[in-house]
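Okay, start-v5.txt is below, compact mmCIF, C-alpha atoms:
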```txt
# COMPACT_ATOMS: atom_id res chain seq x y z
CA MET W 1 0.00 0.00 0.00
CA THR W 2 1.40 3.36 -0.99
CA GLN W 3 1.67 5.81 1.83
CA LYS W 4 -0.05 9.18 1.34
CA HIS W 5 1.46 12.37 2.68
CA ASP W 6 0.03 15.57 4.12
CA ILE W 7 1.61 18.60 2.45
CA THR W 8 1.05 22.33 2.15
CA LEU W 9 1.30 23.96 -1.25
CA ASP W 10 1.72 27.73 -1.42
CA ILE W 11 0.15 28.75 -4.72
CA ASN W 12 0.13 32.47 -5.47
CA GLY W 13 0.39 33.18 -1.75
CA LYS W 14 -2.55 30.99 -0.78
CA LYS W 15 -1.93 27.86 1.29
CA TYR W 16 -3.51 24.56 0.26
CA GLU W 17 -3.36 21.81 2.87
CA ILE W 18 -3.83 18.58 1.00
CA THR W 19 -3.09 14.86 1.18
CA VAL W 20 -1.25 13.51 -1.84
CA GLU W 21 -0.22 10.23 -3.33
CA PRO W 22 3.51 10.53 -4.12
CA ARG W 23 2.92 9.52 -7.75
CA ARG W 24 0.83 12.63 -8.47
CA THR W 25 2.78 15.11 -10.55
CA LEU W 26 2.79 18.72 -9.46
CA VAL W 27 0.65 19.82 -12.41
CA ASP W 28 -2.04 17.26 -11.53
CA VAL W 29 -1.97 18.28 -7.87
CA ILE W 30 -2.25 21.97 -8.74
CA ARG W 31 -5.18 21.33 -11.07
CA ASP W 32 -7.07 18.46 -9.46
CA GLN W 33 -6.44 18.92 -5.77
CA CYS W 34 -6.06 22.70 -5.54
CA GLY W 35 -8.53 23.54 -8.31
CA GLN W 36 -6.14 25.93 -10.04
CA THR W 37 -6.81 24.90 -13.62
CA GLY W 38 -5.05 27.82 -15.27
CA THR W 39 -1.90 25.71 -15.52
CA HIS W 40 -2.38 23.39 -18.48
CA ALA W 41 -1.20 19.82 -18.82
CA GLY W 42 -0.03 19.13 -22.37
CA CYS W 43 2.28 16.23 -23.02
CA HIS W 44 2.79 15.01 -19.42
CA HIS W 45 6.42 14.15 -20.09
CA GLY W 46 8.34 17.39 -20.19
CA VAL W 47 8.38 18.20 -23.88
CA CYS W 48 5.76 20.89 -24.53
CA GLY W 49 6.13 23.31 -21.60
CA ALA W 50 2.37 24.01 -21.28
CA CYS W 51 2.59 23.26 -17.54
CA THR W 52 5.46 25.69 -16.86
CA ILE W 53 5.09 27.38 -13.48
CA LEU W 54 7.45 29.32 -11.25
CA LEU W 55 8.85 27.35 -8.32
CA ASP W 56 10.67 29.68 -5.95
CA ASP W 57 10.64 32.14 -8.88
CA GLU W 58 12.39 29.75 -11.29
CA PRO W 59 10.53 28.38 -14.34
CA VAL W 60 10.02 24.61 -14.05
CA ARG W 61 7.84 22.06 -15.76
CA ALA W 62 5.16 20.98 -13.32
CA CYS W 63 4.79 17.58 -15.01
CA LEU W 64 8.45 16.77 -14.31
CA MET W 65 8.22 16.80 -10.56
CA PHE W 66 5.90 15.30 -8.01
CA GLY W 67 3.50 17.43 -5.99
CA ILE W 68 5.06 16.17 -2.80
CA GLN W 69 8.39 17.68 -3.85
CA ALA W 70 6.85 21.15 -3.84
CA ASP W 71 5.83 20.94 -0.17
CA GLY W 72 6.69 24.28 1.44
CA LYS W 73 7.95 25.84 -1.78
CA LYS W 74 6.56 29.01 -3.35
CA ILE W 75 4.53 28.29 -6.47
CA ARG W 76 3.36 30.94 -8.91
CA THR W 77 0.86 30.17 -11.65
CA VAL W 78 -0.96 32.15 -14.31
CA GLU W 79 -3.81 32.88 -11.85
CA GLY W 80 -1.40 35.03 -9.85
CA LEU W 81 -0.31 37.32 -12.69
CA ALA W 82 -3.14 39.84 -12.93
CA ASP W 83 -3.67 42.43 -10.23
CA GLY W 84 -7.45 42.34 -9.89
CA ASP W 85 -8.82 43.41 -13.27
CA LYS W 86 -5.47 44.82 -14.35
CA LEU W 87 -3.60 42.37 -16.54
CA HIS W 88 0.10 41.73 -16.01
CA PRO W 89 2.13 43.54 -18.72
CA LEU W 90 2.86 40.16 -20.34
CA GLN W 91 -0.82 39.21 -20.46
CA GLN W 92 -1.65 42.62 -21.94
CA ALA W 93 1.13 42.28 -24.50
CA PHE W 94 -0.05 38.79 -25.50
CA THR W 95 -3.50 40.29 -26.14
CA ASP W 96 -2.19 43.35 -27.96
CA HIS W 97 0.15 41.39 -30.23
CA HIS W 98 -2.12 38.41 -30.95
CA ALA W 99 0.35 36.06 -29.29
CA LEU W 100 -2.26 33.35 -28.80
CA GLN W 101 -4.78 31.53 -30.89
CA CYS W 102 -6.18 28.47 -29.13
CA GLY W 103 -4.56 29.49 -25.85
CA TYR W 104 -3.49 26.06 -24.71
CA CYS W 105 0.22 26.90 -24.51
CA THR W 106 -0.36 30.42 -23.22
CA PRO W 107 -0.17 29.89 -19.41
CA GLY W 108 3.12 28.05 -19.88
CA PHE W 109 4.56 30.74 -22.15
CA LEU W 110 3.43 33.49 -19.78
CA MET W 111 5.05 31.89 -16.73
CA LEU W 112 8.20 31.07 -18.67
CA ALA W 113 8.43 34.66 -19.92
CA VAL W 114 7.76 36.10 -16.45
CA GLY W 115 10.53 33.91 -15.04
CA ILE W 116 12.93 35.03 -17.76
CA LEU W 117 12.17 38.76 -17.59
CA GLU W 118 12.15 39.00 -13.80
CA LYS W 119 15.64 37.55 -13.74
CA ASP W 120 17.02 39.28 -16.81
CA PRO W 121 14.91 42.28 -17.92
CA ASP W 122 17.57 43.30 -20.46
CA ILE W 123 17.85 39.86 -22.08
CA SER W 124 19.22 39.98 -25.62
CA HIS W 125 17.12 38.99 -28.62
CA ASP W 126 19.13 35.81 -29.22
CA ASP W 127 19.03 34.73 -25.58
CA LEU W 128 15.29 35.37 -25.49
CA ILE W 129 14.72 33.20 -28.57
CA SER W 130 16.84 30.49 -27.02
CA ALA W 131 14.96 30.63 -23.71
CA LEU W 132 11.50 30.71 -25.35
CA SER W 133 12.43 27.75 -27.56
CA SER W 134 11.68 25.52 -24.59
CA ASN W 135 7.90 25.74 -25.07
CA LEU W 136 5.78 24.57 -27.98
CA CYS W 137 2.92 26.42 -29.67
CA ARG W 138 1.04 24.29 -32.19
CA CYS W 139 -0.80 27.28 -33.68
CA THR W 140 2.63 28.41 -34.95
CA GLY W 141 2.40 31.69 -33.11
CA TYR W 142 6.07 32.04 -32.25
CA ALA W 143 6.72 35.30 -34.07
CA ASN W 144 3.91 37.06 -32.24
CA ILE W 145 4.89 35.49 -28.92
CA ILE W 146 8.41 36.86 -29.30
CA THR W 147 7.04 40.28 -30.28
CA ALA W 148 4.75 40.28 -27.24
CA VAL W 149 7.45 39.27 -24.80
CA LYS W 150 9.78 41.96 -26.11
CA ALA W 151 7.02 44.58 -25.85
CA ALA W 152 6.28 43.48 -22.29
CA ALA W 153 9.99 43.58 -21.44
CA GLU W 154 10.14 47.18 -22.59
CA GLN W 155 7.11 48.08 -20.53
CA MET W 156 8.37 46.25 -17.44
CA ARG W 157 11.73 48.05 -17.72
CA ALA W 158 9.92 51.39 -17.95
CA GLY W 159 8.00 50.38 -14.81
CA MET H 1 0.21 8.18 -18.85
CA LYS H 2 0.60 8.67 -15.12
CA PRO H 3 3.45 7.25 -13.06
CA ALA H 4 2.78 4.03 -11.15
CA SER H 5 2.51 4.10 -7.37
CA PHE H 6 5.61 4.36 -5.23
CA ASN H 7 6.59 5.20 -1.70
CA TYR H 8 8.41 8.47 -1.17
CA HIS H 9 11.35 9.06 1.13
CA ALA H 10 12.98 12.43 1.72
CA PRO H 11 16.19 11.93 3.71
CA SER H 12 17.87 15.00 5.17
CA SER H 13 21.41 13.61 5.34
CA ILE H 14 23.72 11.59 3.10
CA ASP H 15 23.93 8.82 5.72
CA GLU H 16 20.16 8.56 5.87
CA ALA H 17 19.95 8.45 2.04
CA VAL H 18 22.56 5.70 1.87
CA ARG H 19 20.76 3.75 4.59
CA LEU H 20 17.43 4.04 2.75
CA LEU H 21 19.08 3.02 -0.51
CA SER H 22 20.63 0.01 1.15
CA GLN H 23 17.24 -0.90 2.62
CA TYR H 24 15.29 -0.52 -0.63
CA SER H 25 17.76 -1.15 -3.46
CA ASP H 26 16.63 -4.78 -3.69
CA ALA H 27 12.98 -3.67 -3.63
CA GLU H 28 13.19 -1.45 -6.71
CA GLY H 29 14.28 1.60 -4.78
CA ARG H 30 15.79 4.45 -6.77
CA ILE H 31 17.37 7.81 -6.16
CA ILE H 32 15.69 10.92 -7.55
CA ALA H 33 17.60 14.20 -7.71
CA GLY H 34 16.31 16.64 -10.36
CA GLY H 35 14.09 13.99 -11.94
CA GLN H 36 14.17 15.54 -15.40
CA SER H 37 14.97 12.19 -17.03
CA LEU H 38 13.48 9.85 -14.43
CA VAL H 39 10.01 11.43 -14.19
CA PRO H 40 9.22 11.18 -17.93
CA THR H 41 10.47 7.59 -17.90
CA MET H 42 8.08 6.94 -15.01
CA ALA H 43 5.25 8.72 -16.85
CA PHE H 44 5.70 6.23 -19.69
CA ARG H 45 5.95 3.47 -17.04
CA LEU H 46 9.26 2.39 -18.52
CA ALA H 47 10.50 2.85 -14.97
CA ARG H 48 8.31 1.74 -12.05
CA PRO H 49 10.37 2.20 -8.91
CA ALA H 50 8.61 0.99 -5.76
CA HIS H 51 10.50 3.50 -3.64
CA LEU H 52 11.87 6.91 -4.56
CA ILE H 53 14.56 8.38 -2.36
CA ASP H 54 14.61 12.12 -2.98
CA ILE H 55 18.05 13.58 -2.28
CA SER H 56 17.11 17.13 -3.28
CA GLY H 57 16.53 18.15 0.34
CA ILE H 58 20.02 17.17 1.52
CA SER H 59 21.77 20.49 2.00
CA ALA H 60 25.20 18.83 2.28
CA LEU H 61 24.87 17.76 -1.37
CA ASP H 62 23.75 21.14 -2.67
CA LYS H 63 27.11 22.80 -2.84
CA ILE H 64 30.07 23.51 -5.05
CA THR H 65 33.44 23.60 -3.33
CA GLN H 66 36.65 24.84 -4.90
CA GLU H 67 39.91 23.35 -3.69
CA GLU H 68 43.35 24.20 -4.96
CA ASP H 69 43.42 21.54 -7.65
CA ARG H 70 39.78 20.58 -8.11
CA LEU H 71 36.16 21.68 -8.17
CA ILE H 72 33.78 19.50 -6.19
CA ILE H 73 30.19 19.41 -7.41
CA GLY H 74 27.68 17.88 -4.98
CA ALA H 75 24.84 15.65 -6.15
CA GLY H 76 22.24 18.32 -5.43
CA VAL H 77 23.78 20.99 -7.69
CA ARG H 78 21.49 21.87 -10.56
CA HIS H 79 22.52 22.65 -14.14
CA SER H 80 21.44 26.27 -13.73
CA ALA H 81 24.15 26.78 -11.09
CA PHE H 82 26.59 26.97 -14.00
CA HIS H 83 24.78 29.73 -15.92
CA LYS H 84 27.35 32.04 -14.32
CA PRO H 85 30.97 30.96 -13.73
CA VAL H 86 31.24 28.99 -10.47
CA CYS H 87 35.00 29.53 -10.29
CA ASP H 88 37.64 31.80 -11.80
CA GLY H 89 39.69 30.73 -14.79
CA PRO H 90 39.07 28.48 -17.76
CA LEU H 91 37.08 25.77 -15.92
CA GLY H 92 34.37 28.19 -14.79
CA ALA H 93 34.13 29.62 -18.31
CA LEU H 94 34.01 26.15 -19.86
CA LEU H 95 31.15 25.01 -17.61
CA THR H 96 29.21 28.19 -18.44
CA GLU H 97 29.69 27.54 -22.16
CA VAL H 98 28.65 23.88 -22.00
CA VAL H 99 25.56 24.35 -19.79
CA GLN H 100 23.89 26.49 -22.47
CA HIS H 101 23.57 23.37 -24.60
CA ILE H 102 21.73 21.28 -22.02
CA ALA H 103 18.03 20.90 -22.82
CA HIS H 104 15.99 24.04 -22.04
CA LEU H 105 15.95 26.62 -19.25
CA PRO H 106 13.10 25.03 -17.22
CA ILE H 107 14.93 21.69 -17.37
CA ARG H 108 18.20 23.26 -16.25
CA THR H 109 16.54 24.78 -13.19
CA ARG H 110 15.67 21.27 -11.92
CA GLY H 111 18.10 18.75 -13.45
CA THR H 112 21.40 18.10 -11.69
CA PHE H 113 25.01 17.70 -12.80
CA CYS H 114 25.53 14.40 -10.96
CA GLY H 115 22.08 13.14 -11.98
CA ALA H 116 23.12 13.51 -15.62
CA LEU H 117 26.24 11.46 -14.91
CA ALA H 118 24.29 8.71 -13.12
CA HIS H 119 21.69 8.66 -15.91
CA ALA H 120 24.52 8.22 -18.45
CA ASP H 121 22.78 9.21 -21.63
CA PRO H 122 25.47 8.89 -24.33
CA ALA H 123 24.54 12.39 -25.56
CA SER H 124 24.82 14.07 -22.17
CA GLU H 125 27.09 17.12 -22.20
CA TRP H 126 28.20 16.64 -18.59
CA CYS H 127 29.12 12.99 -19.24
CA ALA H 128 31.32 14.03 -22.18
CA LEU H 129 32.87 16.79 -20.09
CA ALA H 130 33.55 14.48 -17.12
CA VAL H 131 35.33 11.98 -19.36
CA THR H 132 37.28 14.62 -21.27
CA LEU H 133 38.56 16.29 -18.10
CA ASP H 134 39.19 12.98 -16.25
CA ALA H 135 36.77 13.74 -13.45
CA THR H 136 36.66 11.58 -10.33
CA LEU H 137 33.25 10.40 -9.19
CA VAL H 138 32.55 9.59 -5.58
CA ALA H 139 30.03 6.88 -4.69
CA LYS H 140 28.81 6.09 -1.20
CA SER H 141 27.02 3.04 0.08
CA ALA H 142 26.47 1.26 3.36
CA ASP H 143 29.73 -0.58 2.55
CA GLY H 144 31.76 2.63 2.39
CA GLU H 145 32.97 5.10 -0.19
CA ARG H 146 34.83 4.60 -3.45
CA GLN H 147 36.28 6.90 -6.06
CA ILE H 148 35.63 6.04 -9.69
CA PRO H 149 37.55 7.62 -12.59
CA ALA H 150 35.09 8.96 -15.18
CA SER H 151 36.95 6.95 -17.84
CA SER H 152 35.69 3.71 -16.26
CA PHE H 153 32.32 4.99 -14.98
CA PHE H 154 30.28 4.79 -18.17
CA GLU H 155 29.67 1.22 -19.35
CA THR H 156 27.19 1.67 -22.16
CA VAL H 157 23.91 3.46 -22.94
CA MET H 158 22.39 4.57 -19.61
CA THR H 159 24.54 2.11 -17.71
CA THR H 160 27.29 2.97 -15.24
CA THR H 161 29.53 1.03 -12.90
CA LEU H 162 27.51 2.27 -9.91
CA VAL H 163 26.03 -0.70 -8.08
CA GLU H 164 22.45 -0.64 -6.84
CA ASN H 165 23.13 0.43 -3.28
CA GLU H 166 25.54 3.20 -4.28
CA LEU H 167 24.72 6.90 -4.27
CA LEU H 168 26.79 9.19 -6.47
CA THR H 169 27.51 11.96 -3.96
CA GLU H 170 29.87 14.23 -5.88
CA ALA H 171 31.90 14.79 -9.01
CA GLN H 172 35.40 16.21 -8.75
CA LEU H 173 36.70 18.12 -11.76
CA PRO H 174 40.40 18.95 -11.98
CA MET H 175 40.97 22.73 -12.17
CA LEU H 176 42.27 23.81 -15.57
CA PRO H 177 45.54 25.77 -15.62
CA ASN H 178 45.25 29.41 -16.72
CA ASN H 179 46.96 28.71 -20.05
CA SER H 180 44.15 26.31 -20.96
CA ARG H 181 42.16 26.81 -24.12
CA PHE H 182 38.85 25.14 -24.86
CA GLY H 183 36.20 24.80 -27.52
CA PHE H 184 32.84 23.04 -27.38
CA GLU H 185 30.54 22.31 -30.31
CA GLU H 186 27.44 20.21 -30.71
CA PHE H 187 24.80 19.60 -33.33
CA SER H 188 21.13 18.80 -32.86
CA ARG H 189 18.27 19.16 -35.30
CA ARG H 190 16.10 21.24 -32.98
CA ALA H 191 16.94 23.60 -30.13
CA GLY H 192 17.16 21.69 -26.85
CA ASP H 193 17.20 18.21 -28.39
CA TYR H 194 19.82 15.67 -27.47
CA ALA H 195 22.84 16.30 -29.63
CA LEU H 196 23.62 13.90 -32.46
CA THR H 197 27.30 14.59 -31.82
CA MET H 198 29.33 16.86 -29.56
CA ALA H 199 33.02 17.61 -29.32
CA LEU H 200 34.97 19.13 -26.47
CA VAL H 201 38.57 20.17 -27.05
CA VAL H 202 40.87 21.37 -24.26
CA TRP H 203 44.60 21.99 -24.36
CA GLU H 204 47.31 24.01 -22.66
CA ASP H 205 49.16 26.68 -24.58
CA GLU H 206 52.91 26.19 -23.97
CA GLY H 207 54.62 29.10 -25.71
CA GLY H 208 52.32 28.86 -28.72
CA LYS H 209 52.40 25.06 -28.90
CA ILE H 210 49.63 22.68 -27.92
CA SER H 211 50.27 20.52 -24.89
CA ASN H 212 48.16 18.09 -22.86
CA ALA H 213 45.45 18.03 -25.56
CA ARG H 214 42.11 16.47 -24.70
CA ILE H 215 39.49 15.67 -27.31
CA GLY H 216 36.27 14.16 -25.99
CA LEU H 217 33.25 13.11 -28.00
CA GLY H 218 29.67 12.55 -26.89
CA GLY H 219 26.55 11.29 -28.64
CA VAL H 220 28.60 9.30 -31.12
CA GLU H 221 29.22 5.93 -29.49
CA ASP H 222 27.37 4.18 -26.65
CA ARG H 223 29.33 6.27 -24.13
CA PRO H 224 31.52 9.34 -24.24
CA ARG H 225 35.27 8.90 -24.61
CA ARG H 226 38.52 10.67 -25.34
CA ILE H 227 40.07 10.19 -28.76
CA ILE H 228 43.76 9.65 -28.03
CA GLU H 229 44.70 9.27 -31.73
CA ALA H 230 43.48 12.81 -32.43
CA GLU H 231 44.99 14.26 -29.26
CA GLU H 232 48.43 12.93 -30.28
CA ILE H 233 48.24 14.85 -33.54
CA LEU H 234 47.69 18.11 -31.64
CA ASN H 235 50.32 17.68 -28.93
CA GLY H 236 53.57 19.54 -29.60
CA ASN H 237 52.21 21.37 -32.62
CA ILE H 238 51.40 25.01 -33.28
CA PRO H 239 47.64 25.39 -33.90
CA SER H 240 47.00 25.49 -37.64
CA ASP H 241 44.33 24.52 -40.12
CA ASP H 242 46.42 21.55 -41.33
CA VAL H 243 46.90 20.20 -37.82
CA PHE H 244 43.21 20.66 -37.00
CA ARG H 245 42.10 18.92 -40.17
CA ALA H 246 44.44 16.00 -39.52
CA ALA H 247 43.20 15.61 -35.95
CA ALA H 248 39.55 15.85 -37.03
CA GLU H 249 40.13 13.21 -39.74
CA ALA H 250 41.79 10.96 -37.19
CA ALA H 251 38.85 11.31 -34.80
CA ALA H 252 36.33 10.57 -37.56
CA SER H 253 38.26 7.49 -38.68
CA VAL H 254 38.50 5.82 -35.25
CA VAL H 255 34.95 6.26 -33.96
CA ASP H 256 32.34 3.52 -34.19
CA PRO H 257 29.16 5.62 -34.44
CA MET H 258 25.70 4.56 -33.29
CA GLU H 259 22.97 4.37 -35.92
CA ASP H 260 19.26 4.94 -35.69
CA HIS H 261 16.34 5.35 -38.08
CA ALA H 262 17.13 9.01 -38.69
CA THR H 263 20.90 9.16 -38.42
CA SER H 264 23.37 6.91 -40.21
CA ALA H 265 26.82 6.07 -38.90
CA GLY H 266 28.32 7.92 -41.87
CA TYR H 267 26.43 11.08 -40.98
CA ARG H 268 27.64 10.93 -37.39
CA ARG H 269 31.20 10.36 -38.65
CA ASP H 270 30.91 13.51 -40.78
CA LEU H 271 29.62 15.38 -37.74
CA VAL H 272 32.62 14.19 -35.71
CA LYS H 273 34.96 15.58 -38.34
CA ALA H 274 33.19 18.92 -38.66
CA LEU H 275 32.49 19.51 -34.96
CA THR H 276 35.94 18.45 -33.74
CA ARG H 277 37.51 20.89 -36.17
CA ARG H 278 35.11 23.69 -35.20
CA ALA H 279 35.78 23.05 -31.49
CA MET H 280 39.53 23.34 -32.14
CA GLU H 281 39.00 26.55 -34.07
CA LYS H 282 36.96 27.92 -31.17
CA ALA H 283 39.78 27.04 -28.79
CA VAL H 284 42.22 29.32 -30.64
CA LYS H 285 39.89 32.29 -30.71
```

In structure tokens, how does this file's structure come out?
Amino acid sequence: MTQKHDITLDINGKKYEITVEPRRTLVDVIRDQCGQTGTHAGCHHGVCGACTILLDDEPVRACLMFGIQADGKKIRTVEGLADGDKLHPLQQAFTDHHALQCGYCTPGFLMLAVGILEKDPDISHDDLISALSSNLCRCTGYANIITAVKAAAEQMRAG
Amino acid sequence: MKPASFNYHAPSSIDEAVRLLSQYSDAEGRIIAGGQSLVPTMAFRLARPAHLIDISGISALDKITQEEDRLIIGAGVRHSAFHKPVCDGPLGALLTEVVQHIAHLPIRTRGTFCGALAHADPASEWCALAVTLDATLVAKSADGERQIPASSFFETVMTTTLVENELLTEAQLPMLPNNSRFGFEEFSRRAGDYALTMALVVWEDEGGKISNARIGLGGVEDRPRRIIEAEEILNGNIPSDDVFRAAAEAAASVVDPMEDHATSAGYRRDLVKALTRRAMEKAVK
């Protein structure tokens, strides 16, 4: 019999006290047990990046770790980006620059981009392309995604 | 798919991890560090460990220590630790260059240096680097500790000489002298994919001549290795296009490349020639 564990997940500053099976990946725990379905589960094996979240402010793939491993760590998801009705600059830029079509990859791209820009707001074009290459968009929206992230970077730098 | 059930253990010390491993290694117990290779394998149920021993909470493993002649990388150190130089001199710069080629940013924030060694993918950058630089790997078990030279650590694809109750606790890289030069090149069809071939070239510049040349290849054969025949062509010579071409030809002629449905042995041999030469050219710049 597999032992279950009591853990506390801190998602966007809110504490979720839950009991998890160790085999549950973090993305499944965030969605199914904490009800935060903004984080999408795409490929479930670390290829597509749809489930990218920030763990202690670093972008990670939530399907490549177990929920139990995030006990006590600070998780940020797409639900935590907007300030009330005011969109985060990256969300606004994605809207303005048509950086999404079906929207499935969008939460992952947003969290990846937030992680990148918070750490390196002056990231070069080439380094940005390299960093964004980790996530897949099947609507082939890459050009607009890059445009949006660069626009948001400019706005975030300006404050 | 979803991973099969397992029991989870989170030791807080190396001794506790080794004790748990000793207790569960016969009952399909496995170590997890960054999990960036293990978790997808579990999602496909190609791996179904009954016990996972998570070493990521062991603070004693999460550190890089510089000694006079070596850099010691603990088993908890993640790839992203090398995004900025971890030590002065050529070794710090080399690690920073190589890490950029490992998978993608969100993988590098979780995956670990030693985990890559223990996983032993033939196309792992850190495995090629460990072999090229003659790293020493330290394994601990309930029976004690042993030091394993990287040259005899990798047996074949995803297989090392670690035995089931052994935990790889650290990798020791020799510091590179200040007159060291290096070049690293790899080729993959898409950004972040495993490389089809990679070449690492390191030598010391002795008054304009190459000395102590090291040429290591990864992704070509079932494990990374140094190509002595090519190194001998470099040693004692002044860097030049002729010397580089001769060494690259030698490397391409002695390798026994892997083949798969998309990549022939001949293609990999061509890559060895091209990438070894480009790595040497990078080393002079």

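CA of Pro174 in chain H is found 8.8 Å from CA of Ile72 in chain H.
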
Exercise. Near chain W, which residues of chain H fall within 7 Å when you count all atoms listed in the file, and what do they look like as an NGL selection string?
Worked result: :H and (3-8 or 35-36 or 39-40 or 43 or 104-107 or 109-110 or 191)

Exercise. Using all atoms listed in the file, can you list as a VMD selection string the residues within 12 Å of (33.8, 9.1, -27.7)?
Worked result: chain H and resid 122 to 125 127 to 132 151 154 156 197 to 200 214 to 230 251 to 258 268 to 269 272 276

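Between CA of Asp134 in chain H and CA of Pro149 in chain H the interatomic distance comes to 6.7 Å.
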
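Taking CA of Thr37 in chain W and CA of Thr19 in chain W as endpoints, the distance between them is 18.3 Å.
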
Neighbouring residues of Asn212 in chain H were defined as those with any atom within 8 Å, considering only C-alpha atoms; residues of the same chain fewer than 4 positions away were excluded. Please report them as a compact mmCIF listing (two decimals) with C-alpha atoms, in the frame of the given file.
```txt
# COMPACT_ATOMS: atom_id res chain seq x y z
CA TRP H 203 44.60 21.99 -24.36
CA GLU H 204 47.31 24.01 -22.66
CA ASN H 235 50.32 17.68 -28.93
```

May I have the protein, DNA and RNA residues with any atom at most 12 Å from the point (-6.0, 17.7, -5.8), counting all atoms listed in the file, written as a compact mmCIF listing (two decimals) with C-alpha atoms, in the frame of the given file?
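Once written, point-v9.txt looks like this:
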```txt
# COMPACT_ATOMS: atom_id res chain seq x y z
CA ASP W 6 0.03 15.57 4.12
CA ILE W 7 1.61 18.60 2.45
CA THR W 8 1.05 22.33 2.15
CA LEU W 9 1.30 23.96 -1.25
CA TYR W 16 -3.51 24.56 0.26
CA GLU W 17 -3.36 21.81 2.87
CA ILE W 18 -3.83 18.58 1.00
CA THR W 19 -3.09 14.86 1.18
CA VAL W 20 -1.25 13.51 -1.84
CA GLU W 21 -0.22 10.23 -3.33
CA ARG W 24 0.83 12.63 -8.47
CA THR W 25 2.78 15.11 -10.55
CA LEU W 26 2.79 18.72 -9.46
CA VAL W 27 0.65 19.82 -12.41
CA ASP W 28 -2.04 17.26 -11.53
CA VAL W 29 -1.97 18.28 -7.87
CA ILE W 30 -2.25 21.97 -8.74
CA ARG W 31 -5.18 21.33 -11.07
CA ASP W 32 -7.07 18.46 -9.46
CA GLN W 33 -6.44 18.92 -5.77
CA CYS W 34 -6.06 22.70 -5.54
CA GLY W 35 -8.53 23.54 -8.31
CA GLN W 36 -6.14 25.93 -10.04
CA THR W 37 -6.81 24.90 -13.62
CA GLY W 67 3.50 17.43 -5.99
CA ILE W 68 5.06 16.17 -2.80
```

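With distances taken over all atoms listed in the file, W:Gly38 is the one residue among W:Gly72, W:Gly141, W:Gly38, W:Gly13 lying closest to Met111 in chain W.
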
For this session: Give me the residues within 9 Å of Lys285 in chain H as an MDAnalysis selection string, counting all atoms listed in the file and dropping any in the same chain fewer than 4 places off.
Result: chainID H and resid 181 183 281

Counting only C-alpha atoms, what is within 10 Å of Gly103 in chain W, bar same-chain residues fewer than 3 positions away, as a PDB file with C-alpha atoms, in the frame of the given file?
```pdb
ATOM      1  CA  HIS W  40      -2.380  23.390 -18.480  1.00  0.00           C
ATOM      2  CA  ALA W  50       2.370  24.010 -21.280  1.00  0.00           C
ATOM      3  CA  ALA W  99       0.350  36.060 -29.290  1.00  0.00           C
ATOM      4  CA  LEU W 100      -2.260  33.350 -28.800  1.00  0.00           C
ATOM      5  CA  THR W 106      -0.360  30.420 -23.220  1.00  0.00           C
ATOM      6  CA  PRO W 107      -0.170  29.890 -19.410  1.00  0.00           C
ATOM      7  CA  GLY W 108       3.120  28.050 -19.880  1.00  0.00           C
ATOM      8  CA  PHE W 109       4.560  30.740 -22.150  1.00  0.00           C
ATOM      9  CA  CYS W 137       2.920  26.420 -29.670  1.00  0.00           C
ATOM     10  CA  ARG W 138       1.040  24.290 -32.190  1.00  0.00           C
ATOM     11  CA  CYS W 139      -0.800  27.280 -33.680  1.00  0.00           C
TER      12      CYS W 139
END
```
